[in-house]
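Dropping data.cif in here (mmCIF, C-alpha atoms):
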data_work
loop_
_atom_site.group_PDB
_atom_site.id
_atom_site.type_symbol
_atom_site.label_atom_id
_atom_site.label_comp_id
_atom_site.auth_asym_id
_atom_site.auth_seq_id
_atom_site.Cartn_x
_atom_site.Cartn_y
_atom_site.Cartn_z
ATOM 1 C CA MET L 1 0.000 0.000 0.000
ATOM 2 C CA SER L 2 1.302 3.448 -0.870
ATOM 3 C CA ALA L 3 1.864 6.165 1.735
ATOM 4 C CA ALA L 4 -1.155 8.338 2.525
ATOM 5 C CA LYS L 5 -1.343 11.543 0.485
ATOM 6 C CA PRO L 6 -3.683 14.556 0.564
ATOM 7 C CA ALA L 7 -6.811 13.943 -1.503
ATOM 8 C CA THR L 8 -6.855 15.316 -5.052
ATOM 9 C CA PRO L 9 -9.848 16.458 -7.130
ATOM 10 C CA GLU L 10 -9.715 13.058 -8.873
ATOM 11 C CA VAL L 11 -9.984 11.240 -5.517
ATOM 12 C CA GLN L 12 -12.898 13.498 -4.509
ATOM 13 C CA ALA L 13 -14.629 12.504 -7.767
ATOM 14 C CA ILE L 14 -14.115 8.809 -6.912
ATOM 15 C CA ALA L 15 -15.579 9.345 -3.429
ATOM 16 C CA ASP L 16 -18.521 11.273 -4.887
ATOM 17 C CA GLU L 17 -19.235 8.467 -7.352
ATOM 18 C CA VAL L 18 -19.512 5.794 -4.620
ATOM 19 C CA LYS L 19 -21.289 8.063 -2.091
ATOM 20 C CA PRO L 20 -24.766 6.736 -3.061
ATOM 21 C CA GLN L 21 -23.547 3.144 -2.554
ATOM 22 C CA LEU L 22 -22.317 4.013 0.949
ATOM 23 C CA GLU L 23 -25.478 5.936 1.853
ATOM 24 C CA GLU L 24 -27.610 2.973 0.787
ATOM 25 C CA GLN L 25 -25.562 0.536 2.870
ATOM 26 C CA VAL L 26 -25.448 2.649 6.056
ATOM 27 C CA LYS L 27 -28.997 4.022 5.630
ATOM 28 C CA ARG L 28 -27.775 7.596 6.114
ATOM 29 C CA LYS L 29 -27.454 10.693 3.914
ATOM 30 C CA TYR L 30 -24.290 12.774 4.171
ATOM 31 C CA SER L 31 -24.463 16.519 3.501
ATOM 32 C CA LEU L 32 -20.686 16.842 4.034
ATOM 33 C CA PHE L 33 -18.573 14.347 2.052
ATOM 34 C CA LYS L 34 -15.025 15.677 1.726
ATOM 35 C CA ALA L 35 -12.140 13.400 0.759
ATOM 36 C CA VAL L 36 -9.216 14.277 3.039
ATOM 37 C CA GLU L 37 -6.488 11.763 2.220
ATOM 38 C CA PHE L 38 -6.001 8.537 0.323
ATOM 39 C CA THR L 39 -3.702 5.680 -0.415
ATOM 40 C CA THR L 40 -3.718 3.071 -3.164
ATOM 41 C CA GLN L 41 -2.962 -0.608 -3.542
ATOM 42 C CA ALA L 42 -2.407 -2.225 -6.933
ATOM 43 C CA GLY L 43 -3.755 -5.669 -7.734
ATOM 44 C CA GLN L 44 -6.562 -6.683 -10.082
ATOM 45 C CA GLY L 45 -7.200 -3.011 -10.736
ATOM 46 C CA THR L 46 -6.537 -0.338 -8.123
ATOM 47 C CA ASN L 47 -7.920 -0.241 -4.603
ATOM 48 C CA TYR L 48 -8.339 3.273 -3.253
ATOM 49 C CA PHE L 49 -8.492 3.688 0.512
ATOM 50 C CA ILE L 50 -10.025 7.124 1.109
ATOM 51 C CA LYS L 51 -10.588 9.026 4.349
ATOM 52 C CA VAL L 52 -13.752 11.121 3.993
ATOM 53 C CA GLN L 53 -14.950 13.795 6.413
ATOM 54 C CA VAL L 54 -18.723 13.481 6.961
ATOM 55 C CA ASP L 55 -19.140 15.824 9.956
ATOM 56 C CA ASN L 56 -16.956 18.104 12.093
ATOM 57 C CA ASP L 57 -15.201 15.252 13.912
ATOM 58 C CA ASP L 58 -16.676 12.264 12.073
ATOM 59 C CA PHE L 59 -14.911 10.420 9.275
ATOM 60 C CA VAL L 60 -15.455 7.262 7.232
ATOM 61 C CA HIS L 61 -12.843 5.170 5.477
ATOM 62 C CA LEU L 62 -13.759 3.830 2.042
ATOM 63 C CA ARG L 63 -12.258 1.018 -0.009
ATOM 64 C CA VAL L 64 -13.063 1.571 -3.675
ATOM 65 C CA LEU L 65 -12.078 -0.736 -6.525
ATOM 66 C CA GLU L 66 -11.223 0.785 -9.875
ATOM 67 C CA SER L 67 -11.210 -2.161 -12.291
ATOM 68 C CA PRO L 68 -8.673 -2.336 -15.127
ATOM 69 C CA PRO L 69 -9.758 -0.135 -18.076
ATOM 70 C CA HIS L 70 -10.318 -3.102 -20.397
ATOM 71 C CA GLU L 71 -13.006 -4.478 -18.043
ATOM 72 C CA ASN L 72 -15.100 -1.306 -18.461
ATOM 73 C CA LYS L 73 -16.714 -1.636 -15.003
ATOM 74 C CA PRO L 74 -17.953 1.206 -12.781
ATOM 75 C CA LEU L 75 -16.208 2.084 -9.523
ATOM 76 C CA ALA L 76 -17.272 -0.282 -6.760
ATOM 77 C CA LEU L 77 -17.437 0.358 -3.035
ATOM 78 C CA GLN L 78 -15.710 -2.751 -1.658
ATOM 79 C CA GLY L 79 -15.862 -1.840 2.029
ATOM 80 C CA TYR L 80 -16.125 0.952 4.533
ATOM 81 C CA GLN L 81 -15.415 1.775 8.168
ATOM 82 C CA THR L 82 -17.558 4.304 10.047
ATOM 83 C CA ASP L 83 -17.007 6.190 13.313
ATOM 84 C CA LYS L 84 -13.451 7.116 12.445
ATOM 85 C CA SER L 85 -11.591 10.201 13.663
ATOM 86 C CA LYS L 86 -9.238 12.576 11.870
ATOM 87 C CA GLY L 87 -6.236 10.911 13.518
ATOM 88 C CA ASP L 88 -7.147 7.341 12.473
ATOM 89 C CA LYS L 89 -4.695 6.023 9.901
ATOM 90 C CA LEU L 90 -5.856 4.462 6.652
ATOM 91 C CA THR L 91 -5.181 0.717 6.690
ATOM 92 C CA VAL L 92 -6.024 -2.220 4.426
ATOM 93 C CA PHE L 93 -9.428 -3.632 5.300
#
Taking this structure as input, can you express it in the form of structure tokens?
Amino acid sequence: MSAAKPATPEVQAIADEVKPQLEEQVKRKYSLFKAVEFTTQAGQGTNYFIKVQVDNDDFVHLRVLESPPHENKPLALQGYQTDKSKGDKLTVF
């Protein structure tokens, strides 16, 4: 897994694309959804681990799979962790 880096506009776009999947799974709507930092892991495509701020002191960690381009698949939310804080490190999950 790569070292955590500040989120980029591209990472925010990835988070925004899977936001509806997360909201459906946790049965909650988020008015704030700001990608703060991310890391990646290569494999069968790219796994993005993204820390997202959803309230003043409330964060979620997302695991998003970007399939290889030749597979032509949409981004998929592979997992998430809720009730995280700003200081929690992104880890593989």
Residue contacts of Thr39 in chain L (12 Å, all atoms listed in the file) excluding same-chain residues fewer than 4 positions away, as a PyMOL selection string: chain L and resi 1-8+11+35+46-51+61-64+89-92
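Note that the spacing between CA of Phe93 in chain L and CA of Gly79 in chain L amounts to 7.4 Å.
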Box time for range 47-63 of chain L: axis-aligned, enclosing all its listed atoms, 8 Å extra on each side; report centre and edge lengths in Å to one decimal, as JSON.
{"center_x": -13.5, "center_y": 8.9, "center_z": 4.7, "size_x": 27.2, "size_y": 34.3, "size_z": 34.5}
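Across the model, the gap from CA of Gln12 in chain L to CA of Val36 in chain L is 8.4 Å.
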Residues near range 54-59 of chain L, cut-off 10 Å, all atoms listed in the file, skip fewer than 2 positions along chain, as a PyMOL selection string: chain L and resi 29-36+51-52+61-62+81-88
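Pairwise distance (CA of Gln44 in chain L, CA of Asp16 in chain L) equals 22.2 Å.
Residues in contact range of range 68-72 of chain L, defined as at most 10 Å between all atoms listed in the file, with sequence neighbours fewer than 2 positions away removed, read L:Gly43, L:Gln44, L:Gly45, L:Thr46, L:Leu65, L:Glu66, L:Pro74, L:Leu75.
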Minimum-distance residue to Val26 in chain L, chosen among L:Gln41, L:Pro9, L:Val60, L:Gln53 (using only C-alpha atoms): L:Val60
Nearest candidate to Glu10 in chain L (options L:Glu37, L:Glu24, L:Ser67, L:Lys73; using all atoms listed in the file): L:Glu37
Nearest to Tyr80 in chain L by atom-to-atom distance, counting only C-alpha atoms, from L:Ala13, L:Leu22, L:Phe38, L:Arg28: L:Leu22
Kindly output range 44-60 of chain L as a compact mmCIF listing (two decimals), keeping the file's coordinate frame, after building N, CA, C and O atoms.
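Just written: result_30.txt:
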# COMPACT_ATOMS: atom_id res chain seq x y z
N GLN L 44 -5.67 -6.54 -8.93
CA GLN L 44 -6.56 -6.68 -10.08
C GLN L 44 -7.32 -5.37 -10.20
O GLN L 44 -8.45 -5.26 -9.77
N GLY L 45 -6.67 -4.36 -10.74
CA GLY L 45 -7.20 -3.01 -10.74
C GLY L 45 -6.52 -2.25 -9.62
O GLY L 45 -5.47 -2.65 -9.12
N THR L 46 -7.12 -1.15 -9.19
CA THR L 46 -6.54 -0.34 -8.12
C THR L 46 -7.54 -0.19 -6.99
O THR L 46 -8.69 0.19 -7.23
N ASN L 47 -7.11 -0.50 -5.78
CA ASN L 47 -7.92 -0.24 -4.60
C ASN L 47 -7.53 1.13 -4.07
O ASN L 47 -6.36 1.39 -3.83
N TYR L 48 -8.53 1.97 -3.89
CA TYR L 48 -8.34 3.27 -3.25
C TYR L 48 -8.87 3.18 -1.83
O TYR L 48 -10.00 2.72 -1.62
N PHE L 49 -8.06 3.57 -0.88
CA PHE L 49 -8.49 3.69 0.51
C PHE L 49 -8.58 5.19 0.77
O PHE L 49 -7.56 5.88 0.69
N ILE L 50 -9.79 5.68 1.04
CA ILE L 50 -10.02 7.12 1.11
C ILE L 50 -10.63 7.49 2.46
O ILE L 50 -11.62 6.89 2.88
N LYS L 51 -10.02 8.48 3.12
CA LYS L 51 -10.59 9.03 4.35
C LYS L 51 -11.49 10.19 3.95
O LYS L 51 -11.05 11.12 3.28
N VAL L 52 -12.77 10.11 4.37
CA VAL L 52 -13.75 11.12 3.99
C VAL L 52 -14.34 11.75 5.25
O VAL L 52 -14.79 11.03 6.15
N GLN L 53 -14.33 13.08 5.30
CA GLN L 53 -14.95 13.80 6.41
C GLN L 53 -16.45 13.90 6.14
O GLN L 53 -16.87 14.37 5.08
N VAL L 54 -17.27 13.45 7.12
CA VAL L 54 -18.72 13.48 6.96
C VAL L 54 -19.40 14.38 7.99
O VAL L 54 -20.61 14.60 7.92
N ASP L 55 -18.66 14.89 8.96
CA ASP L 55 -19.14 15.82 9.96
C ASP L 55 -17.90 16.47 10.58
O ASP L 55 -16.78 16.09 10.26
N ASN L 56 -18.10 17.40 11.50
CA ASN L 56 -16.96 18.10 12.09
C ASN L 56 -15.85 17.15 12.54
O ASN L 56 -14.70 17.30 12.16
N ASP L 57 -16.19 16.19 13.37
CA ASP L 57 -15.20 15.25 13.91
C ASP L 57 -15.54 13.81 13.55
O ASP L 57 -15.18 12.89 14.28
N ASP L 58 -16.24 13.61 12.46
CA ASP L 58 -16.68 12.26 12.07
C ASP L 58 -16.16 11.97 10.67
O ASP L 58 -16.35 12.76 9.75
N PHE L 59 -15.50 10.82 10.54
CA PHE L 59 -14.91 10.42 9.28
C PHE L 59 -15.32 8.99 8.95
O PHE L 59 -15.63 8.21 9.85
N VAL L 60 -15.31 8.65 7.67
CA VAL L 60 -15.46 7.26 7.23
C VAL L 60 -14.26 6.93 6.36
O VAL L 60 -13.67 7.81 5.73
